[in-house]
Structures are given as structure tokens and as C-alpha cells.
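Shown next: query10.pdb, containing PDB, C-alpha atoms.
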```pdb
ATOM      1  CA  MET O   1      20.021   3.346 -14.615
ATOM      2  CA  LYS O   2      16.761   5.301 -14.623
ATOM      3  CA  GLU O   3      15.062   2.553 -12.607
ATOM      4  CA  ARG O   4      17.880   2.547 -10.084
ATOM      5  CA  ILE O   5      17.524   6.304  -9.599
ATOM      6  CA  LYS O   6      13.775   5.868  -9.099
ATOM      7  CA  PHE O   7      14.428   3.101  -6.568
ATOM      8  CA  ALA O   8      16.998   5.255  -4.761
ATOM      9  CA  LEU O   9      14.466   8.096  -4.469
ATOM     10  CA  VAL O  10      11.720   5.808  -3.169
ATOM     11  CA  ALA O  11      14.122   4.162  -0.713
ATOM     12  CA  ALA O  12      15.321   7.556   0.534
ATOM     13  CA  MET O  13      11.726   8.713   1.058
ATOM     14  CA  LEU O  14      10.780   5.528   2.907
ATOM     15  CA  MET O  15      13.855   5.656   5.135
ATOM     16  CA  THR O  16      13.121   9.296   5.953
ATOM     17  CA  LEU O  17       9.498   8.430   6.747
ATOM     18  CA  ALA O  18      10.547   5.493   8.921
ATOM     19  CA  GLY O  19      13.104   7.643  10.721
ATOM     20  CA  LEU O  20      10.681  10.507  11.305
ATOM     21  CA  SER O  21       8.014   8.116  12.588
ATOM     22  CA  TRP O  22      10.221   7.398  15.626
ATOM     23  CA  LEU O  23      10.100  11.073  16.663
ATOM     24  CA  LEU O  24       6.536  10.677  17.953
ATOM     25  CA  PRO O  25       7.188   7.851  20.488
ATOM     26  CA  ILE O  26      10.456   9.513  21.545
ATOM     27  CA  ARG O  27       8.595  12.763  22.148
ATOM     28  CA  TYR O  28       5.898  10.928  24.120
ATOM     29  CA  VAL O  29       8.554   9.257  26.277
ATOM     30  CA  ILE O  30      10.413  12.536  26.928
ATOM     31  CA  GLU O  31       7.217  14.434  27.733
ATOM     32  CA  GLY O  32       5.934  11.574  29.918
ATOM     33  CA  GLY O  33       2.883  10.628  27.866
ATOM     34  CA  SER O  34       0.442   7.890  28.753
ATOM     35  CA  ALA O  35       1.533   4.262  28.490
ATOM     36  CA  ALA O  36      -1.168   3.543  25.917
ATOM     37  CA  GLY O  37      -0.078   6.483  23.772
ATOM     38  CA  ILE O  38       3.578   5.471  23.930
ATOM     39  CA  THR O  39       2.747   1.848  23.090
ATOM     40  CA  LEU O  40       0.560   2.866  20.154
ATOM     41  CA  ALA O  41       3.189   5.262  18.793
ATOM     42  CA  LEU O  42       5.922   2.630  19.200
ATOM     43  CA  LEU O  43       3.768   0.041  17.451
ATOM     44  CA  LEU O  44       3.030   2.384  14.555
ATOM     45  CA  SER O  45       6.694   3.287  14.146
ATOM     46  CA  ALA O  46       7.731  -0.362  14.308
ATOM     47  CA  VAL O  47       5.167  -1.339  11.649
ATOM     48  CA  ILE O  48       6.238   1.514   9.340
ATOM     49  CA  THR O  49       9.913   0.624   9.798
ATOM     50  CA  CYS O  50       9.395  -3.116   9.252
ATOM     51  CA  LEU O  51       7.285  -2.613   6.116
ATOM     52  CA  SER O  52       9.838  -0.118   4.776
ATOM     53  CA  VAL O  53      12.754  -2.495   5.362
ATOM     54  CA  VAL O  54      10.982  -5.425   3.692
ATOM     55  CA  TYR O  55       9.873  -3.277   0.762
ATOM     56  CA  ILE O  56      13.320  -1.726   0.251
ATOM     57  CA  ARG O  57      15.051  -5.112   0.410
ATOM     58  CA  HIS O  58      12.616  -6.565  -2.100
ATOM     59  CA  GLU O  59      12.820  -3.633  -4.498
ATOM     60  CA  HIS O  60      16.598  -3.455  -4.163
ATOM     61  CA  ARG O  61      16.802  -7.002  -5.492
ATOM     62  CA  ASN O  62      14.493  -6.097  -8.372
ATOM     63  CA  ALA O  63      16.423  -2.922  -9.204
ATOM     64  CA  ARG O  64      19.758  -4.742  -9.057
ATOM     65  CA  GLU O  65      18.502  -7.340 -11.533
ATOM     66  CA  GLY O  66      17.174  -4.646 -13.865
ATOM     67  CA  TYR O  67      13.428  -5.012 -13.279
ATOM     68  CA  PRO O  68      11.354  -1.816 -13.386
ATOM     69  CA  LEU O  69       9.777  -0.251 -10.303
ATOM     70  CA  MET O  70       6.401   0.105 -12.016
ATOM     71  CA  ASP O  71       4.723  -1.753 -14.866
ATOM     72  CA  GLU O  72       1.207  -2.303 -16.221
ATOM     73  CA  ARG O  73       0.240  -4.646 -13.361
ATOM     74  CA  SER O  74       1.464  -2.125 -10.777
ATOM     75  CA  ALA O  75      -0.698   0.559 -12.385
ATOM     76  CA  ALA O  76      -3.733  -1.755 -12.300
ATOM     77  CA  LEU O  77      -3.036  -2.660  -8.665
ATOM     78  CA  ARG O  78      -2.706   1.015  -7.738
ATOM     79  CA  THR O  79      -6.200   1.730  -9.039
ATOM     80  CA  GLN O  80      -7.615  -1.415  -7.443
ATOM     81  CA  THR O  81      -6.083  -0.740  -4.022
ATOM     82  CA  GLY O  82      -7.251   2.871  -4.164
ATOM     83  CA  ASN O  83     -10.825   1.751  -4.818
ATOM     84  CA  TYR O  84     -10.767  -0.894  -2.057
ATOM     85  CA  ALA O  85      -9.207   1.475   0.462
ATOM     86  CA  PHE O  86     -11.729   4.216  -0.307
ATOM     87  CA  PHE O  87     -14.745   1.933   0.031
ATOM     88  CA  ILE O  88     -13.477   0.345   3.249
ATOM     89  CA  SER O  89     -12.725   3.733   4.840
ATOM     90  CA  ALA O  90     -16.081   5.108   3.672
ATOM     91  CA  ALA O  91     -17.878   2.064   5.125
ATOM     92  CA  ILE O  92     -16.148   2.532   8.489
ATOM     93  CA  VAL O  93     -16.942   6.246   8.568
ATOM     94  CA  LEU O  94     -20.578   5.633   7.679
ATOM     95  CA  SER O  95     -20.794   2.999  10.425
ATOM     96  CA  LEU O  96     -19.335   5.510  12.870
ATOM     97  CA  PHE O  97     -21.885   8.084  11.807
ATOM     98  CA  ALA O  98     -24.642   5.545  12.307
ATOM     99  CA  PHE O  99     -23.392   4.759  15.838
ATOM    100  CA  SER O 100     -22.979   8.453  16.660
ATOM    101  CA  LEU O 101     -26.504   9.242  15.553
ATOM    102  CA  SER O 102     -27.809   6.436  17.738
ATOM    103  CA  GLY O 103     -26.793   8.436  20.806
ATOM    104  CA  ILE O 104     -23.466   6.983  21.893
ATOM    105  CA  ASP O 105     -21.520   9.384  24.092
ATOM    106  CA  PHE O 106     -17.868  10.031  23.439
ATOM    107  CA  PRO O 107     -15.873   8.766  26.426
ATOM    108  CA  GLY O 108     -14.875  11.609  28.730
ATOM    109  CA  ASN O 109     -16.278  14.279  26.431
ATOM    110  CA  SER O 110     -19.988  13.978  25.925
ATOM    111  CA  GLU O 111     -20.326  17.566  24.763
ATOM    112  CA  MET O 112     -18.068  17.299  21.768
ATOM    113  CA  GLN O 113     -18.915  19.793  19.049
ATOM    114  CA  ALA O 114     -20.089  18.660  15.622
ATOM    115  CA  GLY O 115     -17.058  20.265  13.950
ATOM    116  CA  GLU O 116     -14.663  18.360  16.207
ATOM    117  CA  VAL O 117     -16.480  15.113  15.507
ATOM    118  CA  LEU O 118     -16.347  15.744  11.768
ATOM    119  CA  PHE O 119     -12.641  16.557  11.948
ATOM    120  CA  ALA O 120     -11.918  13.406  13.970
ATOM    121  CA  VAL O 121     -13.934  11.297  11.545
ATOM    122  CA  MET O 122     -12.131  12.768   8.541
ATOM    123  CA  ILE O 123      -8.744  12.125  10.148
ATOM    124  CA  MET O 124      -9.808   8.575  10.898
ATOM    125  CA  MET O 125     -11.003   8.090   7.322
ATOM    126  CA  VAL O 126      -7.646   9.267   6.001
ATOM    127  CA  CYS O 127      -5.770   6.980   8.438
ATOM    128  CA  VAL O 128      -7.910   3.956   7.526
ATOM    129  CA  TYR O 129      -7.504   4.750   3.833
ATOM    130  CA  LEU O 130      -3.718   5.003   4.119
ATOM    131  CA  GLY O 131      -3.500   1.882   6.274
ATOM    132  CA  VAL O 132      -5.643  -0.267   3.992
ATOM    133  CA  TRP O 133      -3.925   1.117   0.894
ATOM    134  CA  THR O 134      -0.491   0.334   2.320
ATOM    135  CA  LEU O 135      -1.364  -3.191   3.403
ATOM    136  CA  LEU O 136      -3.144  -4.103   0.156
ATOM    137  CA  THR O 137      -0.390  -2.594  -1.970
ATOM    138  CA  PHE O 138       2.194  -4.438   0.071
ATOM    139  CA  LYS O 139       0.384  -7.740  -0.228
ATOM    140  CA  TRP O 140      -0.592  -7.558  -3.882
ATOM    141  CA  ARG O 141       2.539  -5.884  -5.198
ATOM    142  CA  LEU O 142       4.995  -8.246  -3.558
ATOM    143  CA  ASP O 143       2.813 -11.302  -4.063
TER
ATOM    144  CA  MET B   1      13.601  -8.139 -21.408
ATOM    145  CA  VAL B   2       9.897  -7.322 -21.753
ATOM    146  CA  GLY B   3       9.940  -4.375 -19.337
ATOM    147  CA  VAL B   4       7.801  -5.742 -16.523
ATOM    148  CA  ARG B   5       8.422  -6.757 -12.934
ATOM    149  CA  ARG B   6       9.339 -10.271 -11.873
ATOM    150  CA  GLU B   7       6.083 -10.517  -9.919
ATOM    151  CA  THR B   8       4.091  -9.739 -13.054
ATOM    152  CA  ILE B   9       5.616 -12.678 -14.931
ATOM    153  CA  LEU B  10       4.922 -14.929 -11.925
ATOM    154  CA  ALA B  11       1.336 -13.675 -11.734
ATOM    155  CA  ILE B  12       0.833 -14.414 -15.440
ATOM    156  CA  GLU B  13       2.257 -17.908 -14.999
ATOM    157  CA  LYS B  14      -0.030 -18.546 -12.033
ATOM    158  CA  GLU B  15      -2.993 -17.196 -14.052
ATOM    159  CA  LYS B  16      -3.565 -14.451 -11.494
ATOM    160  CA  TYR B  17      -3.086 -11.659 -13.990
ATOM    161  CA  SER B  18      -4.095 -11.306 -17.631
ATOM    162  CA  PRO B  19      -1.458  -9.368 -19.569
ATOM    163  CA  SER B  20      -2.292  -6.643 -22.042
ATOM    164  CA  LEU B  21      -2.098  -7.532 -25.710
ATOM    165  CA  GLU B  22       1.116  -5.536 -26.015
ATOM    166  CA  LEU B  23       2.776  -7.396 -23.132
ATOM    167  CA  ALA B  24       1.505 -10.755 -24.393
ATOM    168  CA  TYR B  25       3.036  -9.987 -27.774
ATOM    169  CA  LYS B  26       6.342  -8.926 -26.200
ATOM    170  CA  ILE B  27       6.515 -12.133 -24.137
ATOM    171  CA  ALA B  28       5.740 -14.257 -27.183
ATOM    172  CA  LYS B  29       8.406 -12.420 -29.166
ATOM    173  CA  ALA B  30      10.959 -12.843 -26.354
ATOM    174  CA  LEU B  31      10.227 -16.572 -26.261
ATOM    175  CA  ARG B  32      10.395 -16.743 -30.068
ATOM    176  CA  THR B  33       6.919 -18.139 -30.401
ATOM    177  CA  THR B  34       3.473 -16.917 -31.390
ATOM    178  CA  LEU B  35       0.544 -15.714 -29.322
ATOM    179  CA  ASP B  36      -1.524 -18.732 -30.413
ATOM    180  CA  GLU B  37       1.087 -21.166 -29.179
ATOM    181  CA  LEU B  38       1.770 -19.342 -25.937
ATOM    182  CA  TYR B  39      -1.729 -18.516 -24.716
ATOM    183  CA  VAL B  40      -4.925 -20.502 -24.595
ATOM    184  CA  PHE B  41      -8.129 -18.512 -24.239
ATOM    185  CA  GLU B  42     -10.665 -20.170 -21.978
ATOM    186  CA  GLU B  43     -14.175 -18.788 -21.854
ATOM    187  CA  GLU B  44     -15.586 -18.633 -18.345
TER
END
```

Write-out of the structure in C-alpha cells:
Amino acid sequence: MKERIKFALVAAMLMTLAGLSWLLPIRYVIEGGSAAGITLALLLSAVITCLSVVYIRHEHRNAREGYPLMDERSAALRTQTGNYAFFISAAIVLSLFAFSLSGIDFPGNSEMQAGEVLFAVMIMMVCVYLGVWTLLTFKWRLD
Amino acid sequence: MVGVRRETILAIEKEKYSPSLELAYKIAKALRTTLDELYVFEEE
């Protein structure tokens, strides 16, 4: 019963996340955003929704048959994916820094301030971390 | 029965995951056998 409650909570959170992710492309469409922005937002929402559906279906089967949501292998995978995701995101950020220092101009805004660059890089690092973490967790956990 | 996910049992069977001693003992107990009979340790 406890595992089913845990599954229900996780499923509710994922469905909420998937639902909220569609607000961005809808907003872009209503406000008349660029085609590239709309496509990217739609793609992101579609990926989040698809992964959520597959994950929920898989875990629903496990929960129905009485298997736990987490076990010792899940805990080990969580640590492993966290390490991989951190090193990959750090490597990408360091590469970006290396390119930036070599004198590459930012398209359309060559006078970008250092603070803005740092903020953008940090956001990118977080996005890469979350993306890699999600994909690795998805692959290894459901494997 | 032993409190782990289905994927964990599959991973152990495929030799992709080495279980903890506690889990190995639980599996052996569930299968009514001993650790020696169930697992073979191979040095790399």
C-alpha cells in the first residue's frame, strides 16, 4: 500500500510537470513567437510528456505487482547518474568557457556582459545536468 | 518477496549488477538454498 501511495505521488507530479510543460509552447503560439522557439518548446514538451507516459506505465505495472519504487540498485544508479550528469555538464561548460575566451562573438549581441554570460552558462549547465540525468536514469532504471 | 524491483533481479541474472550481501542472502533464503550454491565468485 505504501509503495502504491509513493507511485501515485510520483505519477501525479510527473503528470503535473508534463501538463505544465505545454504552457510554454501554447504561450509562444498565442504571443506569436518565432517558429524556432515554438518548435523547440513543442519538442521539449513532447519529450517530457512521452518520457512521463512511458515511465508511469512502467511503474504502474511494477506497483500493481507489488514491487517497490526504490531499492538498493536504484540508490546506486541515482548516485551514478548524478556523477555522470555533473561531469558531462561541467565538461560542456568548460568547453564553452574555452571557446568564449578564444574570442568568439555571441550572435547578435557581441557586447554581452560577463554577468549575463555567467548566468546563461549556469542555466545551460543546469539544463544539461537535468537532461543527462533524466536520460541516464530512464535508460538504466528501466533497463 | 525480497523487496527489490523486477529490474534488479533481471540485472543480477544478467550479471549486470552485483547484489549486496543482505540481498544475496535474502534471495538465497527465498529460493531455499545457500549462498555458496547460488553464487559463484569469479576473480577478474

For the interface of stretch 41-143 of chain O with stretch 4-16 of chain B (cut-off 6 Å, counting only C-alpha atoms), please tabulate each contacting residue of stretch 41-143 of chain O alongside its nearest pair of atoms and their separation in Å to one decimal, rows sorted by chain and increasing number, as JSON lines.
```
{"residue": "O:Tyr67", "atom": "CA", "partner": "B:Arg5", "partner_atom": "CA", "distance": 5.3}
{"residue": "O:Pro68", "atom": "CA", "partner": "B:Arg5", "partner_atom": "CA", "distance": 5.8}
{"residue": "O:Asp71", "atom": "CA", "partner": "B:Val4", "partner_atom": "CA", "distance": 5.3}
```

Spatial neighbours of B:Ile27, 12 Å, all atoms listed in the file, chain gap at least 3 places, as a PyMOL selection string: chain B and resi 1-4+8-9+12-13+19-24+30-35+37-39

Output C-alpha atoms of each residue in that selection to a file, as an mmCIF file, in the coordinates of the input.
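Saved the output as again.cif:
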```cif
data_model
loop_
_atom_site.group_PDB
_atom_site.id
_atom_site.type_symbol
_atom_site.label_atom_id
_atom_site.label_comp_id
_atom_site.auth_asym_id
_atom_site.auth_seq_id
_atom_site.Cartn_x
_atom_site.Cartn_y
_atom_site.Cartn_z
ATOM 1 C CA MET B 1 13.601 -8.139 -21.408
ATOM 2 C CA VAL B 2 9.897 -7.322 -21.753
ATOM 3 C CA GLY B 3 9.940 -4.375 -19.337
ATOM 4 C CA VAL B 4 7.801 -5.742 -16.523
ATOM 5 C CA THR B 8 4.091 -9.739 -13.054
ATOM 6 C CA ILE B 9 5.616 -12.678 -14.931
ATOM 7 C CA ILE B 12 0.833 -14.414 -15.440
ATOM 8 C CA GLU B 13 2.257 -17.908 -14.999
ATOM 9 C CA PRO B 19 -1.458 -9.368 -19.569
ATOM 10 C CA SER B 20 -2.292 -6.643 -22.042
ATOM 11 C CA LEU B 21 -2.098 -7.532 -25.710
ATOM 12 C CA GLU B 22 1.116 -5.536 -26.015
ATOM 13 C CA LEU B 23 2.776 -7.396 -23.132
ATOM 14 C CA ALA B 24 1.505 -10.755 -24.393
ATOM 15 C CA ALA B 30 10.959 -12.843 -26.354
ATOM 16 C CA LEU B 31 10.227 -16.572 -26.261
ATOM 17 C CA ARG B 32 10.395 -16.743 -30.068
ATOM 18 C CA THR B 33 6.919 -18.139 -30.401
ATOM 19 C CA THR B 34 3.473 -16.917 -31.390
ATOM 20 C CA LEU B 35 0.544 -15.714 -29.322
ATOM 21 C CA GLU B 37 1.087 -21.166 -29.179
ATOM 22 C CA LEU B 38 1.770 -19.342 -25.937
ATOM 23 C CA TYR B 39 -1.729 -18.516 -24.716
#
```

Which residues of chain O come within 9 Å of chain B, and for each one, what is the closest pair of atoms and their distance in Å to one decimal, counting all atoms listed in the file, sorted by chain and residue number, as a Markdown table?
```
| residue | atom | partner | partner_atom | distance |
| --- | --- | --- | --- | --- |
| O:Asn62 | CA | B:Arg6 | CA | 7.5 |
| O:Tyr67 | CA | B:Arg5 | CA | 5.3 |
| O:Pro68 | CA | B:Arg5 | CA | 5.8 |
| O:Leu69 | CA | B:Arg5 | CA | 7.1 |
| O:Met70 | CA | B:Arg5 | CA | 7.2 |
| O:Asp71 | CA | B:Val4 | CA | 5.3 |
| O:Glu72 | CA | B:Val4 | CA | 7.4 |
| O:Arg73 | CA | B:Thr8 | CA | 6.4 |
| O:Ser74 | CA | B:Thr8 | CA | 8.4 |
| O:Arg141 | CA | B:Glu7 | CA | 7.5 |
| O:Leu142 | CA | B:Glu7 | CA | 6.8 |
| O:Asp143 | CA | B:Glu7 | CA | 6.8 |
```

In terms of all atoms listed in the file, the residue from O:Ala75, O:Val128, O:Met1, O:Met13 at minimal distance from O:Ala63 is O:Met1

Go ahead and find all residues with at least one atom no further than 8 Å from (-11.4, 7.5, 1.9) in the file's coordinates, using only C-alpha atoms; report them as number ranges by chain.
-> O: 85-90, 125-126, 128-129

Could you tell me how far atom CA of O:Trp140 sits from atom CA of B:Phe41, in Å to one decimal place?
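Result for atom CA of B:Phe41 versus atom CA of O:Trp140: 24.3 Å, one decimal.
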
| message | Between atom CA of O:Ile5 and atom CA of O:Gly66, what is the distance in Å, rounded to a tenth? | response |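 Computed distance, atom CA of O:Ile5 to atom CA of O:Gly66, equals 11.8 Å.
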
Which distance in Å separates atom CA of O:Val121 and atom CA of O:Val93, to one decimal?
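Spanning atom CA of O:Val121 to atom CA of O:Val93 is a straight-line distance of 6.6 Å.
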
Please complete stretch 56-73 of chain O so it has N, CA and C atoms, and hand it over as a PDB file, keeping the file's coordinate frame.
```pdb
ATOM      1  N   ILE O  56      12.056  -2.188   0.833  1.00  0.00           N
ATOM      2  CA  ILE O  56      13.320  -1.726   0.251  1.00  0.00           C
ATOM      3  C   ILE O  56      14.201  -2.920  -0.144  1.00  0.00           C
ATOM      4  N   ARG O  57      14.242  -3.918   0.722  1.00  0.00           N
ATOM      5  CA  ARG O  57      15.051  -5.112   0.410  1.00  0.00           C
ATOM      6  C   ARG O  57      14.552  -5.789  -0.864  1.00  0.00           C
ATOM      7  N   HIS O  58      13.221  -5.915  -0.940  1.00  0.00           N
ATOM      8  CA  HIS O  58      12.616  -6.565  -2.100  1.00  0.00           C
ATOM      9  C   HIS O  58      12.890  -5.769  -3.382  1.00  0.00           C
ATOM     10  N   GLU O  59      12.654  -4.461  -3.304  1.00  0.00           N
ATOM     11  CA  GLU O  59      12.820  -3.633  -4.498  1.00  0.00           C
ATOM     12  C   GLU O  59      14.285  -3.480  -4.875  1.00  0.00           C
ATOM     13  N   HIS O  60      15.160  -3.549  -3.877  1.00  0.00           N
ATOM     14  CA  HIS O  60      16.598  -3.455  -4.163  1.00  0.00           C
ATOM     15  C   HIS O  60      17.025  -4.632  -5.038  1.00  0.00           C
ATOM     16  N   ARG O  61      16.492  -5.802  -4.700  1.00  0.00           N
ATOM     17  CA  ARG O  61      16.802  -7.002  -5.492  1.00  0.00           C
ATOM     18  C   ARG O  61      16.295  -6.826  -6.929  1.00  0.00           C
ATOM     19  N   ASN O  62      15.060  -6.316  -7.045  1.00  0.00           N
ATOM     20  CA  ASN O  62      14.493  -6.097  -8.372  1.00  0.00           C
ATOM     21  C   ASN O  62      15.317  -5.087  -9.173  1.00  0.00           C
ATOM     22  N   ALA O  63      15.676  -3.984  -8.515  1.00  0.00           N
ATOM     23  CA  ALA O  63      16.423  -2.922  -9.204  1.00  0.00           C
ATOM     24  C   ALA O  63      17.805  -3.424  -9.625  1.00  0.00           C
ATOM     25  N   ARG O  64      18.420  -4.222  -8.767  1.00  0.00           N
ATOM     26  CA  ARG O  64      19.758  -4.742  -9.057  1.00  0.00           C
ATOM     27  C   ARG O  64      19.722  -5.669 -10.278  1.00  0.00           C
ATOM     28  N   GLU O  65      18.612  -6.411 -10.409  1.00  0.00           N
ATOM     29  CA  GLU O  65      18.502  -7.340 -11.533  1.00  0.00           C
ATOM     30  C   GLU O  65      17.896  -6.695 -12.777  1.00  0.00           C
ATOM     31  N   GLY O  66      17.616  -5.386 -12.685  1.00  0.00           N
ATOM     32  CA  GLY O  66      17.174  -4.646 -13.865  1.00  0.00           C
ATOM     33  C   GLY O  66      15.680  -4.625 -14.106  1.00  0.00           C
ATOM     34  N   TYR O  67      14.888  -5.059 -13.112  1.00  0.00           N
ATOM     35  CA  TYR O  67      13.428  -5.012 -13.279  1.00  0.00           C
ATOM     36  C   TYR O  67      12.919  -3.602 -12.958  1.00  0.00           C
ATOM     37  N   PRO O  68      11.864  -3.171 -13.640  1.00  0.00           N
ATOM     38  CA  PRO O  68      11.354  -1.816 -13.386  1.00  0.00           C
ATOM     39  C   PRO O  68      10.596  -1.714 -12.052  1.00  0.00           C
ATOM     40  N   LEU O  69      10.494  -0.492 -11.563  1.00  0.00           N
ATOM     41  CA  LEU O  69       9.777  -0.251 -10.303  1.00  0.00           C
ATOM     42  C   LEU O  69       8.267  -0.336 -10.517  1.00  0.00           C
ATOM     43  N   MET O  70       7.829   0.117 -11.686  1.00  0.00           N
ATOM     44  CA  MET O  70       6.401   0.105 -12.016  1.00  0.00           C
ATOM     45  C   MET O  70       6.201  -0.542 -13.391  1.00  0.00           C
ATOM     46  N   ASP O  71       5.089  -1.234 -13.548  1.00  0.00           N
ATOM     47  CA  ASP O  71       4.723  -1.753 -14.866  1.00  0.00           C
ATOM     48  C   ASP O  71       3.199  -1.731 -14.984  1.00  0.00           C
ATOM     49  N   GLU O  72       2.665  -2.397 -16.006  1.00  0.00           N
ATOM     50  CA  GLU O  72       1.207  -2.303 -16.221  1.00  0.00           C
ATOM     51  C   GLU O  72       0.412  -2.943 -15.077  1.00  0.00           C
ATOM     52  N   ARG O  73       0.953  -4.009 -14.472  1.00  0.00           N
ATOM     53  CA  ARG O  73       0.240  -4.646 -13.361  1.00  0.00           C
ATOM     54  C   ARG O  73       0.259  -3.732 -12.128  1.00  0.00           C
TER      55      ARG O  73
END
```
